$ cat work_24.txt   # compact mmCIF, C-alpha atoms
# COMPACT_ATOMS: atom_id res chain seq x y z
CA MET C 1 88.44 79.96 90.63
CA LYS C 2 88.45 83.16 92.62
CA ARG C 3 91.34 83.43 95.05
CA LYS C 4 90.38 84.51 98.57
CA ARG C 5 91.85 87.90 99.40
CA ALA C 6 93.98 87.96 102.55
CA SER C 7 92.25 90.09 105.15
CA PHE C 8 94.02 92.28 107.65
CA GLY C 9 92.05 92.04 110.85
CA ALA C 10 92.13 93.58 114.29
CA LEU C 11 94.02 90.59 115.60
CA ASP C 12 96.88 91.22 113.19
CA ILE C 13 97.12 94.83 114.33
CA PHE C 14 97.13 93.67 117.94
CA LEU C 15 99.85 91.15 117.19
CA ILE C 16 102.05 93.72 115.46
CA LEU C 17 101.50 96.22 118.29
CA LEU C 18 102.48 93.56 120.82
CA VAL C 19 105.70 92.72 118.98
CA VAL C 20 106.57 96.42 118.60
CA LEU C 21 105.90 97.02 122.30
CA CYS C 22 108.11 94.08 123.26
CA ALA C 23 110.93 95.37 121.06
CA ALA C 24 110.51 98.86 122.51
CA GLY C 25 110.64 97.39 126.02
CA VAL C 26 113.90 95.62 125.26
CA ALA C 27 115.34 98.81 123.74
CA VAL C 28 114.38 100.91 126.76
CA ARG C 29 115.75 98.34 129.19
CA PHE C 30 119.05 97.55 127.52
CA VAL C 31 119.89 100.45 125.24
CA LEU C 32 118.50 103.65 126.59
CA THR C 33 118.98 103.05 130.31
CA ASP C 34 122.50 101.61 130.29
CA GLU C 35 125.44 103.69 131.47
CA LYS C 36 125.61 105.68 128.26
CA GLY C 37 121.91 105.62 127.37
CA ILE C 38 119.95 108.85 127.17
CA LEU C 39 117.62 107.67 129.94
CA ALA C 40 120.45 106.61 132.24
CA SER C 41 120.23 108.19 135.65
CA THR C 42 123.75 109.31 136.43
CA PRO C 43 124.18 111.19 139.69
CA ASP C 44 125.89 114.57 139.63
CA THR C 45 129.67 114.47 139.78
CA VAL C 46 131.07 115.44 143.16
CA SER C 47 134.53 115.89 144.58
CA ALA C 48 135.66 113.54 147.31
CA ALA C 49 138.51 113.80 149.78
CA VAL C 50 140.33 110.48 149.64
CA GLN C 51 142.82 109.91 152.44
CA VAL C 52 145.64 107.59 151.45
CA LEU C 53 148.65 105.97 153.10
CA ILE C 54 151.76 105.35 151.04
CA THR C 55 154.31 103.19 152.82
CA ASN C 56 158.02 102.66 152.36
CA VAL C 57 158.83 105.37 149.85
CA GLU C 58 162.36 106.62 149.33
CA ASN C 59 163.17 109.76 151.29
CA THR C 60 163.90 111.56 148.02
CA SER C 61 160.46 110.68 146.61
CA THR C 62 158.54 112.48 149.35
CA GLU C 63 159.04 115.77 147.50
CA PHE C 64 156.41 114.63 144.98
CA PHE C 65 153.73 114.71 147.68
CA THR C 66 153.18 118.36 148.37
CA ASP C 67 150.13 120.58 148.68
CA GLY C 68 148.66 121.20 145.23
CA GLY C 69 150.58 118.35 143.56
CA LYS C 70 148.77 116.54 140.75
CA LEU C 71 148.30 112.75 140.71
CA ARG C 72 146.63 110.37 138.30
CA VAL C 73 144.86 107.26 139.58
CA GLY C 74 145.75 103.94 137.95
CA ASP C 75 144.15 103.13 134.64
CA SER C 76 140.94 104.98 135.37
CA GLY C 77 142.29 108.25 134.02
CA GLY C 78 141.06 110.08 137.10
CA GLU C 79 143.21 113.00 138.13
CA GLY C 80 143.45 114.45 141.59
CA GLU C 81 145.09 117.19 143.57
CA ILE C 82 146.85 116.79 146.90
CA LEU C 83 145.46 118.76 149.81
CA SER C 84 147.48 119.83 152.81
CA PRO C 85 148.42 118.69 155.35
CA VAL C 86 150.80 116.06 154.05
CA SER C 87 152.31 113.92 156.79
CA VAL C 88 155.73 112.37 156.20
CA THR C 89 156.97 110.06 158.96
CA PRO C 90 159.73 107.47 159.29
CA ALA C 91 158.56 104.22 157.69
CA GLU C 92 157.05 101.58 159.95
CA TYR C 93 158.44 98.09 160.01
CA ILE C 94 158.20 95.03 162.21
CA LYS C 95 161.16 93.79 164.20
CA GLU C 96 161.83 91.22 166.87
CA ASP C 97 162.50 92.52 170.38
CA GLU C 98 164.78 90.98 172.98
CA ASN C 99 161.95 88.65 174.13
CA GLY C 100 161.44 87.35 170.62
CA ASP C 101 158.14 89.21 170.19
CA LEU C 102 157.31 91.06 166.99
CA VAL C 103 157.01 94.79 167.66
CA LEU C 104 156.46 97.91 165.61
CA ALA C 105 159.57 99.96 164.84
CA TYR C 106 160.39 103.01 162.75
CA GLN C 107 163.23 103.73 160.36
CA ALA C 108 165.78 105.51 162.52
CA ASP C 109 167.92 106.83 159.69
CA GLU C 110 166.96 110.39 158.82
CA ASN C 111 167.45 109.60 155.14
CA GLY C 112 165.71 106.23 155.41
CA LYS C 113 162.37 105.26 153.95
CA LYS C 114 159.22 107.19 154.81
CA ASP C 115 155.48 106.71 155.13
CA VAL C 116 153.33 109.43 153.60
CA ARG C 117 149.73 110.23 154.52
CA CYS C 118 147.88 112.72 152.41
CA THR C 119 144.45 113.61 151.07
CA VAL C 120 143.77 113.58 147.35
CA VAL C 121 140.74 115.34 145.87
CA LEU C 122 139.13 113.17 143.18
CA ASP C 123 136.01 113.55 141.04
CA GLY C 124 133.33 110.88 140.77
CA PHE C 125 130.02 110.16 142.41
CA PHE C 126 128.66 108.37 145.44
CA LYS C 127 126.36 105.42 144.88
CA ASP C 128 124.96 103.52 147.87
CA GLY C 129 127.58 105.19 150.04
CA ILE C 130 130.47 104.08 147.82
CA PHE C 131 132.64 106.64 146.03
CA LEU C 132 133.07 105.65 142.39
CA LEU C 133 136.00 107.34 140.73
CA GLY C 134 135.00 108.40 137.24
CA GLY C 135 131.71 106.66 137.93
CA THR C 136 133.20 103.17 137.76
CA GLU C 137 136.16 102.47 140.06
CA PRO C 138 135.18 101.95 143.71
CA ILE C 139 137.43 103.88 146.08
CA ILE C 140 136.79 102.26 149.44
CA PRO C 141 138.90 102.09 152.61
CA GLY C 142 141.18 99.06 152.35
CA ALA C 143 141.48 99.27 148.56
CA GLU C 144 144.88 99.71 146.96
CA ILE C 145 145.19 102.23 144.16
CA LYS C 146 148.09 103.17 141.94
CA LEU C 147 148.99 106.85 142.02
CA GLU C 148 151.10 108.38 139.28
CA GLY C 149 152.65 111.80 139.39
CA ASP C 150 155.28 113.44 137.22
CA GLY C 151 158.23 111.23 138.03
CA VAL C 152 156.71 108.96 140.64
CA VAL C 153 154.47 105.86 140.71
CA VAL C 154 153.32 104.42 144.05
CA ASN C 155 150.73 102.05 145.44
CA ALA C 156 148.55 103.67 148.06
CA LEU C 157 146.16 102.23 150.62
CA VAL C 158 142.82 104.06 150.84
CA ILE C 159 142.13 104.95 154.47
CA ASP C 160 138.96 107.00 154.00
CA SER C 161 136.81 108.61 151.32
CA ALA C 162 134.17 111.24 151.99
CA PRO C 163 132.45 114.05 150.09
CA LEU C 164 134.67 117.13 150.06
CA GLU C 165 133.31 119.83 152.32
CA GLU C 166 133.63 123.18 150.58
CA MET X 1 69.12 79.06 106.63
CA ARG X 2 72.62 80.42 106.43
CA GLU X 3 75.33 78.18 107.90
CA LYS X 4 77.06 79.62 110.95
CA LYS X 5 80.71 80.39 110.23
CA ARG X 6 83.05 78.31 112.38
CA ALA X 7 85.63 80.35 114.33
CA ALA X 8 89.08 79.61 112.93
CA PHE X 9 92.03 79.22 115.29
CA THR X 10 95.04 80.41 113.36
CA ALA X 11 98.79 80.46 113.95
CA ALA X 12 98.52 84.16 114.79
CA ASP X 13 96.16 83.33 117.65
CA VAL X 14 98.63 80.80 118.98
CA ILE X 15 101.43 83.39 118.88
CA ILE X 16 99.27 85.94 120.66
CA VAL X 17 98.34 83.51 123.39
CA VAL X 18 101.97 82.44 123.88
CA LEU X 19 103.15 86.07 123.97
CA LEU X 20 100.45 87.01 126.46
CA LEU X 21 101.39 84.08 128.68
CA LEU X 22 105.06 85.08 128.51
CA LEU X 23 104.20 88.69 129.26
CA GLY X 24 102.14 87.62 132.26
CA PHE X 25 104.92 85.38 133.52
CA PHE X 26 107.61 88.06 133.28
CA ILE X 27 105.41 90.70 134.88
CA TYR X 28 104.75 88.33 137.76
CA ARG X 29 108.39 87.13 137.97
CA TYR X 30 109.95 90.59 138.09
CA THR X 31 107.30 92.47 140.05
CA PHE X 32 105.18 90.45 142.46
CA ALA X 33 106.98 87.14 142.91
CA ASP X 34 108.98 86.76 146.10
CA THR X 35 112.29 85.35 144.91
CA SER X 36 114.16 86.02 148.14
CA GLY X 37 113.80 82.40 149.19
CA ASP X 38 115.32 80.92 146.03
CA GLY X 39 118.40 78.83 146.78
CA ALA X 40 119.75 77.49 150.04
CA GLU X 41 120.74 79.78 152.87
CA THR X 42 124.48 79.63 153.50
CA GLU X 43 126.70 81.23 156.08
CA TYR X 44 130.40 81.55 155.42
CA VAL X 45 133.25 83.08 157.37
CA VAL X 46 136.07 85.00 155.69
CA ARG X 47 139.32 85.66 157.53
CA VAL X 48 141.06 88.88 156.58
CA SER X 49 144.65 88.66 157.74
CA ALA X 50 146.70 91.56 159.06
CA ILE X 51 144.52 94.49 158.12
CA ARG X 52 145.54 97.84 159.58
CA THR X 53 143.75 98.24 162.91
CA GLU X 54 142.48 101.72 161.97
CA LEU X 55 140.37 99.99 159.27
CA SER X 56 139.02 97.23 161.50
CA ASP X 57 135.78 99.00 162.47
CA ARG X 58 134.53 99.71 158.94
CA VAL X 59 132.34 96.62 158.57
CA SER X 60 128.88 96.57 160.13
CA ALA X 61 126.17 93.93 160.41
CA ASP X 62 123.70 93.97 157.51
CA ASP X 63 126.17 95.62 155.11
CA GLU X 64 125.82 94.30 151.57
CA VAL X 65 128.85 92.35 150.36
CA HIS X 66 129.92 92.41 146.72
CA SER X 67 132.66 90.68 144.77
CA LYS X 68 135.27 92.82 143.02
CA ASP X 69 133.17 92.37 139.87
CA GLY X 70 130.18 93.87 141.65
CA GLU X 71 128.25 90.62 142.10
CA PHE X 72 126.11 90.37 145.24
CA MET X 73 127.74 87.95 147.69
CA GLY X 74 125.41 88.28 150.68
CA ARG X 75 125.07 90.37 153.81
CA VAL X 76 127.33 90.72 156.83
CA VAL X 77 126.03 88.90 159.89
CA SER X 78 128.90 89.82 162.20
CA CYS X 79 132.50 90.99 162.18
CA THR X 80 134.95 90.00 164.89
CA ALA X 81 138.44 91.42 165.38
CA ALA X 82 141.29 89.33 166.77
CA ALA X 83 145.02 89.74 167.30
CA ALA X 84 146.78 89.52 163.95
CA ILE X 85 148.80 86.38 163.35
CA ASP X 86 151.49 86.24 160.70
CA PRO X 87 150.12 83.52 158.37
CA GLU X 88 153.62 82.31 157.52
CA THR X 89 155.25 82.12 160.95
CA GLY X 90 152.19 81.88 163.19
CA ARG X 91 153.57 84.65 165.40
CA GLN X 92 151.49 87.51 166.71
CA LEU X 93 151.88 90.83 164.94
CA PRO X 94 151.92 94.21 166.74
CA ASP X 95 148.60 95.85 167.67
CA GLN X 96 148.72 98.06 164.58
CA TRP X 97 147.47 95.07 162.60
CA THR X 98 144.32 93.03 163.21
CA ASP X 99 142.71 89.89 161.83
CA LEU X 100 139.02 90.13 160.97
CA TYR X 101 136.56 87.25 160.88
CA ILE X 102 133.59 88.35 158.79
CA THR X 103 130.49 86.11 158.80
CA ILE X 104 128.37 86.53 155.69
CA ASN X 105 124.90 85.18 154.98
CA ALA X 106 124.00 84.41 151.36
CA LEU X 107 121.74 82.28 149.20
CA ALA X 108 123.64 79.57 147.34
CA ASP X 109 122.38 77.70 144.29
CA GLY X 110 122.15 73.92 144.02
CA ASP X 111 125.90 73.65 143.39
CA GLY X 112 126.78 75.66 146.50
CA LYS X 113 127.70 78.71 144.44
CA VAL X 114 126.89 82.30 145.33
CA SER X 115 126.74 84.55 142.26
CA GLY X 116 128.74 81.89 140.41
CA VAL X 117 131.44 81.63 143.07
CA LYS X 118 131.89 78.23 144.72
CA LEU X 119 132.24 78.68 148.46
CA ALA X 120 134.66 76.31 150.11
CA ALA X 121 137.30 76.47 152.81
CA GLU X 122 140.64 77.93 151.66
CA HIS X 123 138.97 79.72 148.76
CA GLU X 124 140.44 83.23 148.38
CA LEU X 125 137.95 86.03 147.90
CA GLU X 126 138.23 89.71 147.08
CA LEU X 127 135.15 91.45 148.43
CA TYR X 128 133.88 94.85 149.46
CA THR X 129 131.18 96.44 151.54
CA LYS X 130 130.40 100.15 151.55
CA GLY X 131 133.00 100.60 154.30
CA LEU X 132 135.85 98.22 153.49
CA TYR X 133 137.59 96.54 150.57
CA PHE X 134 139.24 93.33 151.67
CA LYS X 135 140.97 90.18 150.51
CA GLY X 136 140.39 87.12 152.61
CA VAL X 137 140.24 83.36 152.84
CA VAL X 138 137.08 81.36 153.47
CA VAL X 139 137.60 79.46 156.74
CA SER X 140 134.20 77.82 157.08
CA VAL X 141 130.94 77.30 155.20
CA ARG X 142 127.69 76.24 156.85
CA GLY X 143 124.27 75.57 155.40
$ encode --input "work_24.txt" --output "C-alpha cells"
Amino acid sequence: MKRKRASFGALDIFLILLVVLCAAGVAVRFVLTDEKGILASTPDTVSAAVQVLITNVENTSTEFFTDGGKLRVGDSGGEGEILSPVSVTPAEYIKEDENGDLVLAYQADENGKKDVRCTVVLDGFFKDGIFLLGGTEPIIPGAEIKLEGDGVVVNALVIDSAPLEE
Amino acid sequence: MREKKRAAFTAADVIIVVLLLLLGFFIYRYTFADTSGDGAETEYVVRVSAIRTELSDRVSADDEVHSKDGEFMGRVVSCTAAAAIDPETGRQLPDQWTDLYITINALADGDGKVSGVKLAAEHELELYTKGLYFKGVVVSVRG
C-alpha cells in the first residue's frame, strides 16, 4: 500500500511564522528592552547637586566635610564630590524649658557635636522628576543615605536634589 | 463525477485559531481596554510623624505614590501639615518639626490590597513621591 506523503502547506508556514513572531515578541519585550538590553532607552547621565543634612557629628569629624572632599554613597557605589559652601553649626537638640514645653536648643559647648549641611555632586539620571543615583537608587528629599569618606561614615538626610547648573 | 474533497480540520488549525484568539485578546487587553476601573477605589491616610518642617511642602495633590520597591501605591489627594507630636510622650515638638497627613487614592483588589500591600490602620509604610521620601503609619482606610 502506498503511504501518503506528508504535505507542507501554507497553513504550516503561517503557523511557524506565528510561533516565531510570538517568540520574537517575548525576546524584544523581556530581553532586549530591559535595563541592560540593547534596545533599552537609558537617559543620558547627568550630574545632580544633592543637598544633605548630617546631624550630631563629633566636632572632630567635621574636617572630613570640606570643599572638594570625596564621598561614596551607601552600597550603590556612587561617588560624589562636596561643593562649597559647607555649613557647620552647633547640633540641634530638643530640651524642656521652664514651662515644661519642648523647645529647640543648640549645643553650647564649642567642642560639642555639630550639624553639617553640604552639597554633594552625584552622577545619575532624572526619571519622572526623580534623581536616580547610578540609574537605580532614588535620591529624594526625606530619604536617608549613608555617606562614606576616607575615615568617616555618616547617615545623611537628603534635603534637595536638582540638576547641577554648570 | 468526481467526489468533492471534504475540508479537514486538523490540530494545526485548532492551534492557529487558539493563537489568533490569544493574540487578539492581548492586543485588546494591553492597548484598547480601559483597565483603570479594575478594583475598588480606596482612600487611605498616612501620618508622617516629626518630619523636618523644611520638607513639609514637597508633596502635592496628584503626585504619584510608590512603595520603596517601586510599586504604584496611588495618587496624592491632599497633604495637611499639623504641629508635630512626639509619638511616645504625646507632647508637642518645636516648630522645626511637623506631622503630615497624606491622603492617597488607590485601587485595591478584592482582598483590600494595593500592589500586594494590605492597607489597614497601624500598618507602617515606606513610600515616596517625586518630591518626598517618607515613612508613615496608616491611620485610616476608606472605600
$ interface_residues --input "work_24.txt" --of "chain C" --to "chain X" --cutoff "12 Å" --atoms "all atoms listed in the file" --output "PDB file with C-alpha atoms, keeping the file's coordinate frame"
ATOM      1  CA  PHE C   8      94.020  92.280 107.650  1.00  0.00           C
ATOM      2  CA  GLY C   9      92.050  92.040 110.850  1.00  0.00           C
ATOM      3  CA  ALA C  10      92.130  93.580 114.290  1.00  0.00           C
ATOM      4  CA  LEU C  11      94.020  90.590 115.600  1.00  0.00           C
ATOM      5  CA  ASP C  12      96.880  91.220 113.190  1.00  0.00           C
ATOM      6  CA  ILE C  13      97.120  94.830 114.330  1.00  0.00           C
ATOM      7  CA  PHE C  14      97.130  93.670 117.940  1.00  0.00           C
ATOM      8  CA  LEU C  15      99.850  91.150 117.190  1.00  0.00           C
ATOM      9  CA  ILE C  16     102.050  93.720 115.460  1.00  0.00           C
ATOM     10  CA  LEU C  17     101.500  96.220 118.290  1.00  0.00           C
ATOM     11  CA  LEU C  18     102.480  93.560 120.820  1.00  0.00           C
ATOM     12  CA  VAL C  19     105.700  92.720 118.980  1.00  0.00           C
ATOM     13  CA  LEU C  21     105.900  97.020 122.300  1.00  0.00           C
ATOM     14  CA  CYS C  22     108.110  94.080 123.260  1.00  0.00           C
ATOM     15  CA  GLY C  25     110.640  97.390 126.020  1.00  0.00           C
ATOM     16  CA  LEU C  53     148.650 105.970 153.100  1.00  0.00           C
ATOM     17  CA  GLU C  92     157.050 101.580 159.950  1.00  0.00           C
ATOM     18  CA  TYR C  93     158.440  98.090 160.010  1.00  0.00           C
ATOM     19  CA  ILE C  94     158.200  95.030 162.210  1.00  0.00           C
ATOM     20  CA  LYS C  95     161.160  93.790 164.200  1.00  0.00           C
ATOM     21  CA  GLU C  96     161.830  91.220 166.870  1.00  0.00           C
ATOM     22  CA  ASP C  97     162.500  92.520 170.380  1.00  0.00           C
ATOM     23  CA  GLY C 100     161.440  87.350 170.620  1.00  0.00           C
ATOM     24  CA  ASP C 101     158.140  89.210 170.190  1.00  0.00           C
ATOM     25  CA  LEU C 102     157.310  91.060 166.990  1.00  0.00           C
ATOM     26  CA  VAL C 103     157.010  94.790 167.660  1.00  0.00           C
ATOM     27  CA  LEU C 104     156.460  97.910 165.610  1.00  0.00           C
ATOM     28  CA  ALA C 105     159.570  99.960 164.840  1.00  0.00           C
ATOM     29  CA  PHE C 126     128.660 108.370 145.440  1.00  0.00           C
ATOM     30  CA  LYS C 127     126.360 105.420 144.880  1.00  0.00           C
ATOM     31  CA  ASP C 128     124.960 103.520 147.870  1.00  0.00           C
ATOM     32  CA  GLY C 129     127.580 105.190 150.040  1.00  0.00           C
ATOM     33  CA  ILE C 130     130.470 104.080 147.820  1.00  0.00           C
ATOM     34  CA  PHE C 131     132.640 106.640 146.030  1.00  0.00           C
ATOM     35  CA  LEU C 132     133.070 105.650 142.390  1.00  0.00           C
ATOM     36  CA  THR C 136     133.200 103.170 137.760  1.00  0.00           C
ATOM     37  CA  GLU C 137     136.160 102.470 140.060  1.00  0.00           C
ATOM     38  CA  PRO C 138     135.180 101.950 143.710  1.00  0.00           C
ATOM     39  CA  ILE C 139     137.430 103.880 146.080  1.00  0.00           C
ATOM     40  CA  ILE C 140     136.790 102.260 149.440  1.00  0.00           C
ATOM     41  CA  PRO C 141     138.900 102.090 152.610  1.00  0.00           C
ATOM     42  CA  GLY C 142     141.180  99.060 152.350  1.00  0.00           C
ATOM     43  CA  ALA C 143     141.480  99.270 148.560  1.00  0.00           C
ATOM     44  CA  GLU C 144     144.880  99.710 146.960  1.00  0.00           C
ATOM     45  CA  ILE C 145     145.190 102.230 144.160  1.00  0.00           C
ATOM     46  CA  LEU C 157     146.160 102.230 150.620  1.00  0.00           C
ATOM     47  CA  VAL C 158     142.820 104.060 150.840  1.00  0.00           C
ATOM     48  CA  ILE C 159     142.130 104.950 154.470  1.00  0.00           C
ATOM     49  CA  ASP C 160     138.960 107.000 154.000  1.00  0.00           C
ATOM     50  CA  SER C 161     136.810 108.610 151.320  1.00  0.00           C
ATOM     51  CA  ALA C 162     134.170 111.240 151.990  1.00  0.00           C
TER      52      ALA C 162
END
$ residues_around --input "work_24.txt" --residues "range 100-109 of chain X" --least-positions-apart "2" --cutoff "8 Å" --atoms "all atoms listed in the file" --output "number ranges by chain"
X: 37-49, 51, 56, 65, 73-82, 98, 111-115
$ atom_distance --input "work_24.txt" --atom1 "CA of Val121 in chain C" --atom2 "CA of Ser60 in chain X"
26.4 Å
$ axis_aligned_box --input "work_24.txt" --around "range 89-100 of chain X" --padding-each-side "5 Å" --output "JSON"
{"center_x": 147.1, "center_y": 90.0, "center_z": 164.3, "size_x": 26.2, "size_y": 26.2, "size_z": 16.7}
$ atom_distance --input "work_24.txt" --atom1 "CA of Val153 in chain C" --atom2 "CA of Gly135 in chain C"
22.9 Å
$ closest_residue --input "work_24.txt" --among "C:Gln51, C:Gly134, C:Val28, C:Phe64" --to "Arg117 in chain C" --atoms "all atoms listed in the file"
C:Gln51
$ atom_distance --input "work_24.txt" --atom1 "CA of Gly68 in chain C" --atom2 "CA of Ala91 in chain C"
23.3 Å
$ residues_near_point --input "work_24.txt" --point "(130.7, 115.6, 141.2)" --cutoff "6 Å" --atoms "all atoms listed in the file" --output "number ranges by chain"
C: 44-47, 123-125
$ residues_around --input "work_24.txt" --residues "Val120 in chain C" --least-positions-apart "5" --cutoff "8 Å" --atoms "all atoms listed in the file" --output "list of chain:residue names"
C:Ala49, C:Val50, C:Gln51, C:Val52, C:Gly80, C:Glu81, C:Ile82, C:Leu83
$ write_last_selection --input "work_24.txt" --atoms "C-alpha atoms" --output "short mmCIF file (atom, residue, chain, number, x, y, z; two decimals), in the coordinates of the input"
data_model
loop_
_atom_site.label_atom_id
_atom_site.label_comp_id
_atom_site.auth_asym_id
_atom_site.auth_seq_id
_atom_site.Cartn_x
_atom_site.Cartn_y
_atom_site.Cartn_z
CA ALA C 49 138.51 113.80 149.78
CA VAL C 50 140.33 110.48 149.64
CA GLN C 51 142.82 109.91 152.44
CA VAL C 52 145.64 107.59 151.45
CA GLY C 80 143.45 114.45 141.59
CA GLU C 81 145.09 117.19 143.57
CA ILE C 82 146.85 116.79 146.90
CA LEU C 83 145.46 118.76 149.81
#
